[in-house]
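The file data_27.txt contains compact mmCIF, C-alpha atoms and all ligand atoms:
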# COMPACT_ATOMS: atom_id res chain seq x y z
CA MET N 1 0.00 0.00 0.00
CA THR N 2 1.38 3.39 -0.94
CA GLY N 3 0.61 6.76 0.53
CA ALA N 4 -1.12 7.90 -2.64
CA SER N 5 -3.78 5.20 -2.32
CA LEU N 6 -4.84 6.30 1.14
CA SER N 7 -8.03 8.25 1.62
CA PRO N 8 -7.89 11.47 3.63
CA ALA N 9 -9.69 9.70 6.47
CA GLN N 10 -7.07 6.95 6.50
CA ILE N 11 -4.29 9.50 6.46
CA GLN N 12 -5.84 11.35 9.38
CA ASN N 13 -6.20 8.06 11.21
CA ARG N 14 -2.51 7.34 10.82
CA LEU N 15 -1.52 10.82 11.83
CA THR N 16 -3.70 10.51 14.91
CA LEU N 17 -2.06 7.24 15.88
CA SER N 18 1.38 8.69 15.25
CA ALA N 19 0.58 11.76 17.33
CA ARG N 20 -0.47 9.53 20.22
CA TRP N 21 2.74 7.51 19.94
CA ILE N 22 4.76 10.71 19.94
CA LEU N 23 2.96 11.97 23.02
CA ARG N 24 3.58 8.68 24.80
CA ASP N 25 7.28 8.63 23.90
CA HIS N 26 7.79 12.31 24.68
CA ARG N 27 5.84 12.39 27.93
CA PRO N 28 7.69 14.52 30.48
CA GLY N 29 9.46 12.65 33.25
CA ASP N 30 9.55 13.44 36.96
CA ASP N 31 11.65 16.54 36.32
CA GLY N 32 9.09 17.87 33.83
CA ARG N 33 11.41 17.38 30.86
CA CYS N 34 10.98 15.17 27.84
CA PRO N 35 13.31 12.15 28.35
CA ILE N 36 14.18 12.15 24.63
CA CYS N 37 14.59 15.86 23.84
CA ARG N 38 15.74 16.80 27.35
CA VAL N 39 13.69 19.98 27.37
CA ALA N 40 10.41 20.98 28.98
CA ASP N 41 7.44 21.19 26.58
CA CYS N 42 9.39 19.74 23.64
CA THR N 43 8.48 20.54 20.06
CA ALA N 44 7.47 16.98 19.14
CA ALA N 45 4.96 16.68 21.99
CA ARG N 46 3.67 20.20 21.48
CA THR N 47 3.11 19.58 17.77
CA ALA N 48 1.38 16.25 18.40
CA ARG N 49 -0.86 17.81 21.07
CA GLY N 50 -1.69 20.70 18.76
CA TYR N 51 -2.62 18.30 15.97
CA LEU N 52 -4.92 16.20 18.18
CA THR N 53 -6.56 19.32 19.57
CA GLY N 54 -6.94 20.70 16.06
CA ILE N 55 -8.88 17.67 14.84
CA GLY N 56 -11.10 17.70 17.91
CA GLN N 57 -9.46 14.81 19.73
CA PRO N 58 -7.42 16.47 22.46
CA PRO N 59 -5.09 14.08 24.26
CA PRO N 60 -6.06 12.89 27.73
CA ARG N 61 -4.25 14.66 30.53
CA PRO N 62 -1.63 12.49 32.19
CA ARG N 63 -1.87 12.51 36.00
ZN ZN E 1 10.49 15.25 23.20
Can you turn what I pasted into structure tokens?
Amino acid sequence: MTGASLSPAQIQNRLTLSARWILRDHRPGDDGRCPICRVADCTAARTARGYLTGIGQPPPRPR
């Protein structure tokens, strides 16, 4: 399956899944920093959160 054969709904589905994976991987640790990027409020997590909020599926709040 190639990207060109995907419908917009399928593409959004995949982006949504990817955004959730990103948020899980880039969840801040005990010190409030992303364990991968080593900064607070890293770009990857912020972008993924913004995408999910933009499509009306805001991520659940951890803790
Ligand atoms: Zn990060």
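You can rank N:Leu6, N:Val39, N:Ile55, N:Ile11 by their closest distance to Arg27 in chain N using only C-alpha atoms, and at the top of that list sits N:Val39.
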Surroundings of ligand ZN 1 (chain E) up to 6 Å, based on only C-alpha atoms and all ligand atoms, as a short mmCIF file (atom, residue, chain, number, x, y, z; two decimals) with C-alpha atoms, in the frame of the given file:
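Result file follows (out_2.cif):
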data_model
loop_
_atom_site.label_atom_id
_atom_site.label_comp_id
_atom_site.auth_asym_id
_atom_site.auth_seq_id
_atom_site.Cartn_x
_atom_site.Cartn_y
_atom_site.Cartn_z
CA HIS N 26 7.79 12.31 24.68
CA CYS N 34 10.98 15.17 27.84
CA ILE N 36 14.18 12.15 24.63
CA CYS N 37 14.59 15.86 23.84
CA CYS N 42 9.39 19.74 23.64
CA ALA N 44 7.47 16.98 19.14
CA ALA N 45 4.96 16.68 21.99
#
Have a look at CA of Arg14 in chain N and CA of Thr43 in chain N and let me know their distance in Å, one decimal.
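So the answer is 19.5 Å.
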Take CA of Ala4 in chain N and CA of Leu23 in chain N and report the distance between them in Å, one decimal.
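Taking CA of Ala4 in chain N as the start and CA of Leu23 in chain N as the end point, the length is 26.3 Å.
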Can you measure CA of Tyr51 in chain N to CA of Ile22 in chain N for me? One decimal in Å is fine.
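Taking CA of Tyr51 in chain N as the start and CA of Ile22 in chain N as the end point, the length is 11.3 Å.
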Please fill the gaps in range 10-26 of chain N so it has N, CA and C atoms, and write that as a PDB file, in the frame of the given file.
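Below is the file selection38.pdb, written as the result:
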ATOM      1  N   GLN N  10      -8.106   7.902   6.073  1.00  0.00           N
ATOM      2  CA  GLN N  10      -7.070   6.950   6.500  1.00  0.00           C
ATOM      3  C   GLN N  10      -5.797   7.681   6.898  1.00  0.00           C
ATOM      4  N   ILE N  11      -5.483   8.724   6.146  1.00  0.00           N
ATOM      5  CA  ILE N  11      -4.290   9.500   6.460  1.00  0.00           C
ATOM      6  C   ILE N  11      -4.445  10.150   7.841  1.00  0.00           C
ATOM      7  N   GLN N  12      -5.616  10.717   8.087  1.00  0.00           N
ATOM      8  CA  GLN N  12      -5.840  11.350   9.380  1.00  0.00           C
ATOM      9  C   GLN N  12      -5.756  10.325  10.503  1.00  0.00           C
ATOM     10  N   ASN N  13      -6.276   9.128  10.222  1.00  0.00           N
ATOM     11  CA  ASN N  13      -6.200   8.060  11.210  1.00  0.00           C
ATOM     12  C   ASN N  13      -4.756   7.759  11.584  1.00  0.00           C
ATOM     13  N   ARG N  14      -3.915   7.655  10.576  1.00  0.00           N
ATOM     14  CA  ARG N  14      -2.510   7.340  10.820  1.00  0.00           C
ATOM     15  C   ARG N  14      -1.803   8.467  11.542  1.00  0.00           C
ATOM     16  N   LEU N  15      -2.130   9.684  11.153  1.00  0.00           N
ATOM     17  CA  LEU N  15      -1.520  10.820  11.830  1.00  0.00           C
ATOM     18  C   LEU N  15      -1.943  10.855  13.293  1.00  0.00           C
ATOM     19  N   THR N  16      -3.213  10.518  13.536  1.00  0.00           N
ATOM     20  CA  THR N  16      -3.700  10.510  14.910  1.00  0.00           C
ATOM     21  C   THR N  16      -2.960   9.476  15.736  1.00  0.00           C
ATOM     22  N   LEU N  17      -2.802   8.280  15.168  1.00  0.00           N
ATOM     23  CA  LEU N  17      -2.060   7.240  15.880  1.00  0.00           C
ATOM     24  C   LEU N  17      -0.624   7.673  16.127  1.00  0.00           C
ATOM     25  N   SER N  18      -0.001   8.246  15.104  1.00  0.00           N
ATOM     26  CA  SER N  18       1.380   8.690  15.250  1.00  0.00           C
ATOM     27  C   SER N  18       1.493   9.763  16.317  1.00  0.00           C
ATOM     28  N   ALA N  19       0.541  10.691  16.337  1.00  0.00           N
ATOM     29  CA  ALA N  19       0.580  11.760  17.330  1.00  0.00           C
ATOM     30  C   ALA N  19       0.488  11.184  18.737  1.00  0.00           C
ATOM     31  N   ARG N  20      -0.342  10.149  18.892  1.00  0.00           N
ATOM     32  CA  ARG N  20      -0.470   9.530  20.220  1.00  0.00           C
ATOM     33  C   ARG N  20       0.820   8.825  20.620  1.00  0.00           C
ATOM     34  N   TRP N  21       1.463   8.161  19.636  1.00  0.00           N
ATOM     35  CA  TRP N  21       2.740   7.510  19.940  1.00  0.00           C
ATOM     36  C   TRP N  21       3.768   8.549  20.348  1.00  0.00           C
ATOM     37  N   ILE N  22       3.788   9.656  19.615  1.00  0.00           N
ATOM     38  CA  ILE N  22       4.760  10.710  19.940  1.00  0.00           C
ATOM     39  C   ILE N  22       4.526  11.212  21.355  1.00  0.00           C
ATOM     40  N   LEU N  23       3.251  11.450  21.694  1.00  0.00           N
ATOM     41  CA  LEU N  23       2.960  11.970  23.020  1.00  0.00           C
ATOM     42  C   LEU N  23       3.381  10.971  24.097  1.00  0.00           C
ATOM     43  N   ARG N  24       3.203   9.689  23.811  1.00  0.00           N
ATOM     44  CA  ARG N  24       3.580   8.680  24.800  1.00  0.00           C
ATOM     45  C   ARG N  24       5.098   8.658  24.965  1.00  0.00           C
ATOM     46  N   ASP N  25       5.818   8.694  23.835  1.00  0.00           N
ATOM     47  CA  ASP N  25       7.280   8.630  23.900  1.00  0.00           C
ATOM     48  C   ASP N  25       7.883   9.895  24.483  1.00  0.00           C
ATOM     49  N   HIS N  26       7.229  11.025  24.250  1.00  0.00           N
ATOM     50  CA  HIS N  26       7.790  12.310  24.680  1.00  0.00           C
ATOM     51  C   HIS N  26       7.096  12.844  25.929  1.00  0.00           C
TER      52      HIS N  26
END
